[in-house]
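Raw work.pdb, PDB, C-alpha atoms, pLDDT in the B column:
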ATOM      1  CA  MET K  16       0.000   0.000   0.000  1.00 59.00           C
ATOM      2  CA  THR K  17       1.280   3.465  -0.863  1.00 72.00           C
ATOM      3  CA  ASP K  18       2.064   5.669   2.115  1.00 84.00           C
ATOM      4  CA  THR K  19       0.037   8.868   1.935  1.00 91.00           C
ATOM      5  CA  VAL K  20       1.650  12.166   2.816  1.00 93.00           C
ATOM      6  CA  ALA K  21      -1.317  13.882   4.441  1.00 92.00           C
ATOM      7  CA  SER K  22      -0.026  17.016   6.143  1.00 94.00           C
ATOM      8  CA  GLU K  23       2.571  19.735   5.838  1.00 93.00           C
ATOM      9  CA  ASP K  24       4.358  18.226   8.838  1.00 92.00           C
ATOM     10  CA  ASP K  25       4.646  14.978   6.866  1.00 91.00           C
ATOM     11  CA  LEU K  26       6.011  16.898   3.897  1.00 91.00           C
ATOM     12  CA  ARG K  27       8.574  18.726   6.018  1.00 92.00           C
ATOM     13  CA  SER K  28       9.779  15.469   7.474  1.00 92.00           C
ATOM     14  CA  LEU K  29      10.602  14.391   3.914  1.00 92.00           C
ATOM     15  CA  TYR K  30      11.895  17.651   2.439  1.00 94.00           C
ATOM     16  CA  GLY K  31      13.050  19.816   5.310  1.00 90.00           C
ATOM     17  CA  THR K  32      12.640  23.591   5.375  1.00 90.00           C
ATOM     18  CA  PRO K  33      13.121  26.041   2.495  1.00 90.00           C
ATOM     19  CA  GLY K  34      16.298  28.074   2.334  1.00 90.00           C
ATOM     20  CA  LYS K  35      16.381  31.720   3.346  1.00 90.00           C
ATOM     21  CA  LEU K  36      16.447  32.958  -0.253  1.00 88.00           C
ATOM     22  CA  ALA K  37      13.408  30.864  -1.205  1.00 90.00           C
ATOM     23  CA  VAL K  38      11.425  32.499   1.583  1.00 91.00           C
ATOM     24  CA  ALA K  39      12.815  36.031   1.313  1.00 92.00           C
ATOM     25  CA  LYS K  40      12.216  36.329  -2.458  1.00 95.00           C
ATOM     26  CA  GLN K  41       8.421  36.501  -2.101  1.00 96.00           C
ATOM     27  CA  LEU K  42       7.104  40.028  -2.649  1.00 97.00           C
ATOM     28  CA  ASP K  43       3.646  41.532  -2.267  1.00 97.00           C
ATOM     29  CA  ARG K  44       3.904  43.722  -5.353  1.00 98.00           C
ATOM     30  CA  LEU K  45       5.456  43.918  -8.808  1.00 98.00           C
ATOM     31  CA  ASP K  46       8.955  45.349  -8.660  1.00 98.00           C
ATOM     32  CA  VAL K  47      11.097  46.489 -11.580  1.00 98.00           C
ATOM     33  CA  HIS K  48      12.288  42.941 -12.365  1.00 98.00           C
ATOM     34  CA  ALA K  49       8.801  41.428 -12.281  1.00 98.00           C
ATOM     35  CA  ARG K  50       7.530  44.210 -14.507  1.00 98.00           C
ATOM     36  CA  ARG K  51      10.341  43.615 -16.993  1.00 98.00           C
ATOM     37  CA  PHE K  52       9.700  39.870 -17.005  1.00 98.00           C
ATOM     38  CA  ILE K  53       6.012  40.439 -17.782  1.00 98.00           C
ATOM     39  CA  GLU K  54       6.928  42.962 -20.482  1.00 98.00           C
ATOM     40  CA  LEU K  55       9.053  40.302 -22.221  1.00 98.00           C
ATOM     41  CA  SER K  56       6.622  37.423 -21.733  1.00 98.00           C
ATOM     42  CA  PRO K  57       4.445  36.243 -24.654  1.00 98.00           C
ATOM     43  CA  PHE K  58       2.999  33.314 -22.705  1.00 98.00           C
ATOM     44  CA  LEU K  59       1.553  32.437 -19.324  1.00 98.00           C
ATOM     45  CA  VAL K  60      -0.540  29.759 -17.722  1.00 98.00           C
ATOM     46  CA  ILE K  61      -3.300  30.651 -15.273  1.00 98.00           C
ATOM     47  CA  SER K  62      -4.652  28.314 -12.623  1.00 98.00           C
ATOM     48  CA  SER K  63      -8.125  28.597 -11.155  1.00 98.00           C
ATOM     49  CA  HIS K  64     -10.598  26.532  -9.154  1.00 97.00           C
ATOM     50  CA  GLY K  65     -14.294  25.963  -9.792  1.00 93.00           C
ATOM     51  CA  VAL K  66     -17.186  25.379  -7.441  1.00 92.00           C
ATOM     52  CA  ASP K  67     -16.498  21.637  -7.669  1.00 93.00           C
ATOM     53  CA  GLY K  68     -13.050  22.161  -6.139  1.00 92.00           C
ATOM     54  CA  LEU K  69     -11.200  20.852  -9.180  1.00 95.00           C
ATOM     55  CA  GLY K  70      -8.204  22.800 -10.382  1.00 96.00           C
ATOM     56  CA  ASP K  71      -7.846  24.051 -13.938  1.00 97.00           C
ATOM     57  CA  VAL K  72      -4.868  25.429 -15.859  1.00 98.00           C
ATOM     58  CA  SER K  73      -5.245  27.412 -19.064  1.00 97.00           C
ATOM     59  CA  PRO K  74      -2.656  28.869 -21.470  1.00 97.00           C
ATOM     60  CA  LYS K  75      -2.743  32.533 -22.481  1.00 98.00           C
ATOM     61  CA  GLY K  76      -0.492  33.984 -25.140  1.00 97.00           C
ATOM     62  CA  ASP K  77       0.095  36.906 -27.470  1.00 98.00           C
ATOM     63  CA  ALA K  78       2.844  39.353 -28.385  1.00 97.00           C
ATOM     64  CA  PRO K  79       5.351  40.027 -25.583  1.00 97.00           C
ATOM     65  CA  GLY K  80       3.871  42.393 -23.038  1.00 94.00           C
ATOM     66  CA  PHE K  81       0.254  41.526 -23.865  1.00 97.00           C
ATOM     67  CA  VAL K  82      -0.474  41.465 -20.137  1.00 98.00           C
ATOM     68  CA  GLN K  83      -0.905  45.037 -18.929  1.00 98.00           C
ATOM     69  CA  VAL K  84       0.742  46.122 -15.666  1.00 98.00           C
ATOM     70  CA  LEU K  85      -1.685  48.770 -14.423  1.00 98.00           C
ATOM     71  CA  ASP K  86       0.235  49.425 -11.216  1.00 98.00           C
ATOM     72  CA  ASP K  87       2.449  47.583  -8.733  1.00 98.00           C
ATOM     73  CA  ARG K  88      -0.463  45.454  -7.536  1.00 98.00           C
ATOM     74  CA  THR K  89      -2.715  45.099 -10.574  1.00 98.00           C
ATOM     75  CA  LEU K  90      -2.504  43.141 -13.839  1.00 98.00           C
ATOM     76  CA  LEU K  91      -4.921  43.003 -16.758  1.00 98.00           C
ATOM     77  CA  ILE K  92      -4.972  39.878 -18.933  1.00 98.00           C
ATOM     78  CA  PRO K  93      -6.972  40.254 -22.170  1.00 98.00           C
ATOM     79  CA  ASP K  94      -9.137  37.239 -22.967  1.00 97.00           C
ATOM     80  CA  ARG K  95      -8.661  36.490 -26.657  1.00 96.00           C
ATOM     81  CA  PRO K  96     -11.180  34.464 -28.712  1.00 94.00           C
ATOM     82  CA  GLY K  97     -11.125  30.744 -27.936  1.00 92.00           C
ATOM     83  CA  ASN K  98     -13.494  27.808 -27.862  1.00 91.00           C
ATOM     84  CA  ASN K  99     -16.043  29.473 -25.538  1.00 94.00           C
ATOM     85  CA  ARG K 100     -15.718  26.816 -22.843  1.00 95.00           C
ATOM     86  CA  LEU K 101     -14.887  29.755 -20.534  1.00 96.00           C
ATOM     87  CA  ASP K 102     -13.325  27.475 -17.926  1.00 97.00           C
ATOM     88  CA  THR K 103     -11.117  30.115 -16.306  1.00 98.00           C
ATOM     89  CA  LEU K 104     -13.674  32.906 -16.522  1.00 98.00           C
ATOM     90  CA  SER K 105     -16.419  30.731 -15.062  1.00 97.00           C
ATOM     91  CA  ASN K 106     -14.156  29.603 -12.245  1.00 98.00           C
ATOM     92  CA  VAL K 107     -13.236  33.169 -11.344  1.00 98.00           C
ATOM     93  CA  THR K 108     -16.908  34.072 -10.911  1.00 97.00           C
ATOM     94  CA  VAL K 109     -17.157  31.567  -8.038  1.00 97.00           C
ATOM     95  CA  ASN K 110     -13.570  31.443  -6.707  1.00 97.00           C
ATOM     96  CA  ASP K 111     -11.363  34.477  -7.236  1.00 97.00           C
ATOM     97  CA  GLY K 112      -8.023  32.884  -6.332  1.00 98.00           C
ATOM     98  CA  VAL K 113      -5.675  32.495  -9.303  1.00 98.00           C
ATOM     99  CA  GLY K 114      -2.031  31.647  -9.930  1.00 98.00           C
ATOM    100  CA  LEU K 115      -0.019  32.868 -12.917  1.00 98.00           C
ATOM    101  CA  LEU K 116       3.194  31.443 -14.354  1.00 98.00           C
ATOM    102  CA  PHE K 117       4.945  33.745 -16.845  1.00 98.00           C
ATOM    103  CA  MET K 118       7.488  32.355 -19.294  1.00 98.00           C
ATOM    104  CA  VAL K 119       9.994  34.057 -21.603  1.00 98.00           C
ATOM    105  CA  PRO K 120      11.399  32.060 -24.547  1.00 98.00           C
ATOM    106  CA  GLY K 121      15.062  31.274 -23.991  1.00 97.00           C
ATOM    107  CA  VAL K 122      14.916  32.161 -20.276  1.00 98.00           C
ATOM    108  CA  CYS K 123      14.814  29.223 -17.897  1.00 98.00           C
ATOM    109  CA  GLU K 124      13.645  31.170 -14.864  1.00 98.00           C
ATOM    110  CA  THR K 125       9.898  31.814 -14.589  1.00 98.00           C
ATOM    111  CA  LEU K 126       7.797  34.368 -12.725  1.00 98.00           C
ATOM    112  CA  ARG K 127       4.974  33.343 -10.428  1.00 98.00           C
ATOM    113  CA  VAL K 128       2.171  35.708  -9.441  1.00 98.00           C
ATOM    114  CA  ASN K 129      -0.721  34.796  -7.157  1.00 98.00           C
ATOM    115  CA  GLY K 130      -3.726  36.953  -6.433  1.00 98.00           C
ATOM    116  CA  ARG K 131      -7.444  37.597  -6.628  1.00 98.00           C
ATOM    117  CA  ALA K 132      -9.170  37.952  -9.989  1.00 98.00           C
ATOM    118  CA  ARG K 133     -12.354  39.398 -11.384  1.00 98.00           C
ATOM    119  CA  ILE K 134     -13.775  39.613 -14.883  1.00 98.00           C
ATOM    120  CA  VAL K 135     -14.074  43.058 -16.465  1.00 98.00           C
ATOM    121  CA  ALA K 136     -15.728  44.184 -19.706  1.00 97.00           C
ATOM    122  CA  ASP K 137     -14.971  47.906 -19.524  1.00 95.00           C
ATOM    123  CA  GLY K 138     -14.108  49.127 -23.028  1.00 95.00           C
ATOM    124  CA  ASP K 139     -11.968  51.999 -21.786  1.00 96.00           C
ATOM    125  CA  LEU K 140      -9.958  49.701 -19.531  1.00 97.00           C
ATOM    126  CA  LEU K 141      -9.529  47.106 -22.276  1.00 97.00           C
ATOM    127  CA  MET K 142      -8.640  49.607 -25.020  1.00 96.00           C
ATOM    128  CA  PRO K 143      -4.821  49.323 -24.556  1.00 95.00           C
ATOM    129  CA  THR K 144      -5.100  45.566 -25.161  1.00 97.00           C
ATOM    130  CA  ALA K 145      -6.849  45.940 -28.531  1.00 96.00           C
ATOM    131  CA  VAL K 146      -5.183  44.306 -31.543  1.00 96.00           C
ATOM    132  CA  ARG K 147      -5.948  45.468 -35.094  1.00 92.00           C
ATOM    133  CA  GLY K 148      -8.686  47.626 -33.625  1.00 92.00           C
ATOM    134  CA  ARG K 149     -10.401  44.649 -31.994  1.00 94.00           C
ATOM    135  CA  LEU K 150     -11.146  44.766 -28.287  1.00 96.00           C
ATOM    136  CA  PRO K 151     -11.262  41.530 -26.290  1.00 97.00           C
ATOM    137  CA  THR K 152     -14.750  40.706 -25.065  1.00 96.00           C
ATOM    138  CA  ALA K 153     -13.482  40.714 -21.493  1.00 98.00           C
ATOM    139  CA  GLY K 154     -10.337  40.748 -19.421  1.00 98.00           C
ATOM    140  CA  ILE K 155      -9.085  39.198 -16.196  1.00 98.00           C
ATOM    141  CA  LEU K 156      -8.119  41.843 -13.665  1.00 98.00           C
ATOM    142  CA  VAL K 157      -5.743  40.402 -11.067  1.00 98.00           C
ATOM    143  CA  ALA K 158      -5.119  42.024  -7.683  1.00 98.00           C
ATOM    144  CA  VAL K 159      -1.572  40.869  -6.926  1.00 98.00           C
ATOM    145  CA  GLU K 160      -0.819  39.361  -3.518  1.00 98.00           C
ATOM    146  CA  GLU K 161       2.324  37.275  -4.059  1.00 98.00           C
ATOM    147  CA  VAL K 162       5.155  37.658  -6.584  1.00 98.00           C
ATOM    148  CA  TYR K 163       8.341  35.646  -6.878  1.00 98.00           C
ATOM    149  CA  LEU K 164      10.868  34.403  -9.394  1.00 98.00           C
ATOM    150  CA  HIS K 165      11.174  30.650  -9.777  1.00 97.00           C
ATOM    151  CA  CYS K 166      14.570  29.042 -10.330  1.00 96.00           C
ATOM    152  CA  ALA K 167      15.563  27.410 -13.618  1.00 97.00           C
ATOM    153  CA  LYS K 168      15.785  23.751 -12.565  1.00 97.00           C
ATOM    154  CA  ALA K 169      12.529  22.536 -14.136  1.00 97.00           C
ATOM    155  CA  LEU K 170      13.225  24.114 -17.522  1.00 97.00           C
ATOM    156  CA  VAL K 171      16.871  23.057 -17.448  1.00 97.00           C
ATOM    157  CA  ARG K 172      15.861  19.457 -16.718  1.00 97.00           C
ATOM    158  CA  SER K 173      13.197  19.508 -19.433  1.00 97.00           C
ATOM    159  CA  LYS K 174      15.479  21.274 -21.953  1.00 97.00           C
ATOM    160  CA  LEU K 175      12.348  23.116 -23.017  1.00 97.00           C
ATOM    161  CA  TRP K 176      14.115  25.711 -25.135  1.00 97.00           C
ATOM    162  CA  ASP K 177      16.692  23.359 -26.680  1.00 97.00           C
ATOM    163  CA  ASP K 178      16.298  22.838 -30.431  1.00 95.00           C
ATOM    164  CA  ASP K 179      17.308  19.197 -30.043  1.00 94.00           C
ATOM    165  CA  TYR K 180      14.152  18.613 -27.986  1.00 95.00           C
ATOM    166  CA  ARG K 181      11.755  20.200 -30.453  1.00 95.00           C
ATOM    167  CA  VAL K 182       9.048  17.804 -31.634  1.00 96.00           C
ATOM    168  CA  GLU K 183       7.867  17.969 -35.228  1.00 96.00           C
ATOM    169  CA  ARG K 184       4.129  18.676 -35.336  1.00 95.00           C
ATOM    170  CA  ARG K 185       3.561  15.729 -37.654  1.00 95.00           C
ATOM    171  CA  THR K 186       4.703  13.421 -34.843  1.00 97.00           C
ATOM    172  CA  LEU K 187       1.134  13.647 -33.511  1.00 97.00           C
ATOM    173  CA  PRO K 188      -2.156  13.392 -35.408  1.00 97.00           C
ATOM    174  CA  SER K 189      -4.132  16.573 -36.011  1.00 97.00           C
ATOM    175  CA  LEU K 190      -6.144  18.033 -33.128  1.00 97.00           C
ATOM    176  CA  ALA K 191      -9.416  16.988 -34.741  1.00 96.00           C
ATOM    177  CA  GLN K 192      -8.148  13.444 -35.310  1.00 97.00           C
ATOM    178  CA  MET K 193      -7.011  13.069 -31.708  1.00 97.00           C
ATOM    179  CA  ILE K 194     -10.332  14.339 -30.360  1.00 96.00           C
ATOM    180  CA  SER K 195     -12.207  12.061 -32.752  1.00 96.00           C
ATOM    181  CA  ASP K 196     -10.223   9.100 -31.455  1.00 96.00           C
ATOM    182  CA  GLN K 197     -10.879  10.150 -27.853  1.00 97.00           C
ATOM    183  CA  VAL K 198     -14.646  10.583 -28.165  1.00 96.00           C
ATOM    184  CA  GLY K 199     -15.366   7.851 -30.696  1.00 95.00           C
ATOM    185  CA  GLY K 200     -15.945   9.967 -33.785  1.00 92.00           C
ATOM    186  CA  GLY K 201     -19.237  11.626 -34.551  1.00 91.00           C
ATOM    187  CA  PHE K 202     -17.873  14.409 -36.745  1.00 92.00           C
ATOM    188  CA  ASP K 203     -16.014  14.865 -40.019  1.00 96.00           C
ATOM    189  CA  VAL K 204     -12.297  15.069 -39.164  1.00 97.00           C
ATOM    190  CA  ALA K 205     -11.282  16.790 -42.405  1.00 96.00           C
ATOM    191  CA  GLU K 206     -13.994  19.407 -41.978  1.00 97.00           C
ATOM    192  CA  ALA K 207     -13.011  19.960 -38.344  1.00 96.00           C
ATOM    193  CA  ASP K 208      -9.335  20.300 -39.320  1.00 95.00           C
ATOM    194  CA  ALA K 209     -10.315  22.953 -41.869  1.00 97.00           C
ATOM    195  CA  LEU K 210     -12.289  24.864 -39.254  1.00 95.00           C
ATOM    196  CA  VAL K 211      -9.338  24.765 -36.859  1.00 94.00           C
ATOM    197  CA  GLU K 212      -6.978  26.003 -39.565  1.00 95.00           C
ATOM    198  CA  ASP K 213      -9.350  28.822 -40.499  1.00 94.00           C
ATOM    199  CA  SER K 214      -9.643  29.817 -36.838  1.00 94.00           C
ATOM    200  CA  LEU K 215      -5.867  29.986 -36.494  1.00 94.00           C
ATOM    201  CA  LYS K 216      -5.540  32.125 -39.622  1.00 94.00           C
ATOM    202  CA  ASN K 217      -8.516  34.418 -39.281  1.00 93.00           C
ATOM    203  CA  LYS K 218      -9.905  34.400 -35.759  1.00 92.00           C
ATOM    204  CA  LEU K 219      -6.992  34.964 -33.387  1.00 93.00           C
ATOM    205  CA  TYR K 220      -8.484  38.319 -32.365  1.00 94.00           C
TER     206      TYR K 220
END
In structure tokens, how does this file's structure come out?
Amino acid sequence: MTDTVASEDDLRSLYGTPGKLAVAKQLDRLDVHARRFIELSPFLVISSHGVDGLGDVSPKGDAPGFVQVLDDRTLLIPDRPGNNRLDTLSNVTVNDGVGLLFMVPGVCETLRVNGRARIVADGDLLMPTAVRGRLPTAGILVAVEEVYLHCAKALVRSKLWDDDYRVERRTLPSLAQMISDQVGGGFDVAEADALVEDSLKNKLY
């Protein structure tokens, strides 16, 4: 039977305590380095939790600096067109706690930001995030509570940015084919592939 680690005391007995730097690095606001990291970042993942208690992680991406730093404690993430599942947005309406992980291509450190989120649809607020004159339908406004840089070990181990580890897209079937296999068909794969391709070309914003 697998031993269950059921408490933080159990965890500490296995791992010990964090070093001074790991504790001291946590800030309650965005400093000059965090701001610069966000300015250079074209990609983040956001975690949220729904009413059912399950966690969810969603990718968000655009040109570097697409996330607006409104002040030292506030971020605005534009919500670009997607599949309308609205997982993150729906979760935020019932549980405002979110975690953000910012990544910069070629940089193995990451930036973590935790805070409280709400959904906004104010055109004036969203105007700086417009692309080609198109406003996002809504945005995620995050009140920052915790900010800290994360060391490079995970990305170094994974060799995420190494060209030798790049996977050719053709290694996997198309998105539509994989979903068809997962759900047992029920739709035209070629037609679905064409819709996906059209969405990528014409409906990013």
- Message: Can you pull out the residues contacting K:Pro93? Cut-off 9 Å, using all atoms listed in the file, and skip same-chain residues under 4 positions away; I want them as a PyMOL selection string.
- Response: chain K and resi 75+81-83+141+144-145+150-156
- Task: List the neighbours of K:Leu59 out to 6 Å using all atoms listed in the file; skip same-chain residues closer than 3 positions along the sequence, and give me the result as a count of residues only.
- Result: 5
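One distance worth recording is that between atom CA of K:Arg127 and atom CA of K:Leu215, which is 28.4 Å.
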- Using only C-alpha atoms, determine which residues lie at most 8 Å from K:Pro96, disregarding the query and same-chain residues fewer than 6 positions distant; provide the list as a list in words. Pro151, Lys218, Leu219 and Tyr220 of chain K
- Residues within 10 Å of stretch 34-48 of chain K, all atoms listed in the file, excluding chain neighbours under 3 positions, as a PyMOL selection string: chain K and resi 31+51-54+84+86-90+126-130+158-166
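Excluding K:Asp111 itself and same-chain residues fewer than 2 positions from it, the residues having an atom within 9 Å of it are Ser63, His64, Asn106, Val107, Thr108, Val109, Val113, Gly130, Arg131, Ala132 and Arg133 of chain K, counting all atoms listed in the file.
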Once the PyMOL selection byres ((chain K and resi 172-175) around 12) has been evaluated on this model, what residues remain selected, and can you format them as a compact mmCIF listing (two decimals) with C-alpha atoms, in the frame of the given file?
# COMPACT_ATOMS: atom_id res chain seq x y z
CA MET K 118 7.49 32.35 -19.29
CA VAL K 119 9.99 34.06 -21.60
CA PRO K 120 11.40 32.06 -24.55
CA GLY K 121 15.06 31.27 -23.99
CA VAL K 122 14.92 32.16 -20.28
CA CYS K 123 14.81 29.22 -17.90
CA GLU K 124 13.64 31.17 -14.86
CA CYS K 166 14.57 29.04 -10.33
CA ALA K 167 15.56 27.41 -13.62
CA LYS K 168 15.78 23.75 -12.56
CA ALA K 169 12.53 22.54 -14.14
CA LEU K 170 13.22 24.11 -17.52
CA VAL K 171 16.87 23.06 -17.45
CA TRP K 176 14.12 25.71 -25.14
CA ASP K 177 16.69 23.36 -26.68
CA ASP K 178 16.30 22.84 -30.43
CA ASP K 179 17.31 19.20 -30.04
CA TYR K 180 14.15 18.61 -27.99
CA ARG K 181 11.76 20.20 -30.45
CA VAL K 182 9.05 17.80 -31.63
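Distances from K:Asp71, K:Asp203, K:Asp77, K:Asp25 to K:Asp102 were compared using all atoms listed in the file, and the smallest one belongs to K:Asp71.
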- Query: Quick one, how far is atom CA of K:Ile61 from atom CA of K:Thr103?
  - Reply: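 Spanning atom CA of K:Ile61 to atom CA of K:Thr103 is a straight-line distance of 7.9 Å.
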- Item | Among the residues K:Glu212, K:Asp137, K:Asp18, K:Asp67, the one that comes closest to K:Leu91 [using all atoms listed in the file] |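 Closest to K:Leu91, using all atoms listed in the file: K:Asp137.
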- Check the smallest atom-to-atom distance from each of K:Val146, K:Ser73, K:Asp139, K:Ala49 to K:Thr125 using all atoms listed in the file, then report the winner.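 The shortest atom-to-atom distance to K:Thr125 comes from K:Ala49.
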- Message: To test your reading of the syntax: which residues would the PyMOL selection byres ((chain K and resi 191) around 10) return for the file shown? Reply as a list in words.
- Response: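 Going through the file, the PyMOL selection byres ((chain K and resi 191) around 10) ends up selecting Pro188, Ser189, Leu190, Gln192, Met193, Ile194, Ser195, Asp196, Gln197, Gly200, Phe202, Asp203, Val204, Ala205, Glu206, Ala207, Asp208, Ala209, Leu210 and Val211 of chain K.
Computed from the coordinates, the atom CA of K:Leu69 to atom CA of K:Asn99 distance equals 19.1 Å.
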Start from the incomplete input, build all heavy atoms for stretch 190-198 of chain K, and deliver everything as a CSV table (one decimal), keeping the file's coordinate frame.
chain,number,residue,atom,x,y,z
K,190,LEU,N,-5.3,17.9,-34.3
K,190,LEU,CA,-6.1,18.0,-33.1
K,190,LEU,C,-7.5,17.4,-33.3
K,190,LEU,O,-8.0,16.6,-32.4
K,190,LEU,CB,-6.3,19.5,-32.8
K,190,LEU,CG,-7.3,19.9,-31.7
K,190,LEU,CD1,-6.8,19.4,-30.4
K,190,LEU,CD2,-7.5,21.4,-31.7
K,191,ALA,N,-8.1,17.6,-34.5
K,191,ALA,CA,-9.4,17.0,-34.7
K,191,ALA,C,-9.3,15.5,-34.7
K,191,ALA,O,-10.2,14.8,-34.2
K,191,ALA,CB,-10.0,17.5,-36.1
K,192,GLN,N,-8.3,14.9,-35.3
K,192,GLN,CA,-8.1,13.4,-35.3
K,192,GLN,C,-8.0,12.9,-33.9
K,192,GLN,O,-8.6,11.9,-33.5
K,192,GLN,CB,-6.9,13.0,-36.2
K,192,GLN,CG,-6.8,11.5,-36.3
K,192,GLN,CD,-8.0,10.9,-37.0
K,192,GLN,OE1,-8.2,11.2,-38.2
K,192,GLN,NE2,-8.7,10.0,-36.3
K,193,MET,N,-7.2,13.5,-33.1
K,193,MET,CA,-7.0,13.1,-31.7
K,193,MET,C,-8.3,13.1,-30.9
K,193,MET,O,-8.7,12.2,-30.2
K,193,MET,CB,-5.9,13.9,-31.0
K,193,MET,CG,-4.5,13.6,-31.5
K,193,MET,SD,-3.2,14.3,-30.5
K,193,MET,CE,-3.3,16.0,-31.1
K,194,ILE,N,-9.1,14.2,-31.1
K,194,ILE,CA,-10.3,14.3,-30.4
K,194,ILE,C,-11.3,13.3,-30.9
K,194,ILE,O,-12.1,12.7,-30.1
K,194,ILE,CB,-10.9,15.8,-30.5
K,194,ILE,CG1,-10.0,16.8,-29.8
K,194,ILE,CG2,-12.3,15.8,-29.9
K,194,ILE,CD1,-10.4,18.2,-30.0
K,195,SER,N,-11.3,13.1,-32.2
K,195,SER,CA,-12.2,12.1,-32.8
K,195,SER,C,-11.9,10.7,-32.2
K,195,SER,O,-12.8,9.9,-31.8
K,195,SER,CB,-12.1,12.0,-34.3
K,195,SER,OG,-12.9,11.0,-34.8
K,196,ASP,N,-10.6,10.4,-32.0
K,196,ASP,CA,-10.2,9.1,-31.5
K,196,ASP,C,-10.7,9.0,-30.0
K,196,ASP,O,-11.1,8.0,-29.5
K,196,ASP,CB,-8.7,8.9,-31.5
K,196,ASP,CG,-8.2,8.8,-33.0
K,196,ASP,OD1,-9.0,8.5,-33.9
K,196,ASP,OD2,-7.0,8.9,-33.2
K,197,GLN,N,-10.5,10.1,-29.3
K,197,GLN,CA,-10.9,10.2,-27.9
K,197,GLN,C,-12.4,10.0,-27.6
K,197,GLN,O,-12.8,9.3,-26.6
K,197,GLN,CB,-10.4,11.5,-27.2
K,197,GLN,CG,-8.9,11.6,-27.1
K,197,GLN,CD,-8.4,12.9,-26.7
K,197,GLN,OE1,-9.1,13.9,-26.9
K,197,GLN,NE2,-7.2,13.0,-26.0
K,198,VAL,N,-13.2,10.6,-28.4
K,198,VAL,CA,-14.6,10.6,-28.2
K,198,VAL,C,-15.4,9.6,-29.0
K,198,VAL,O,-16.6,9.5,-29.0
K,198,VAL,CB,-15.2,12.0,-28.3
K,198,VAL,CG1,-14.5,13.0,-27.4
K,198,VAL,CG2,-15.2,12.5,-29.8
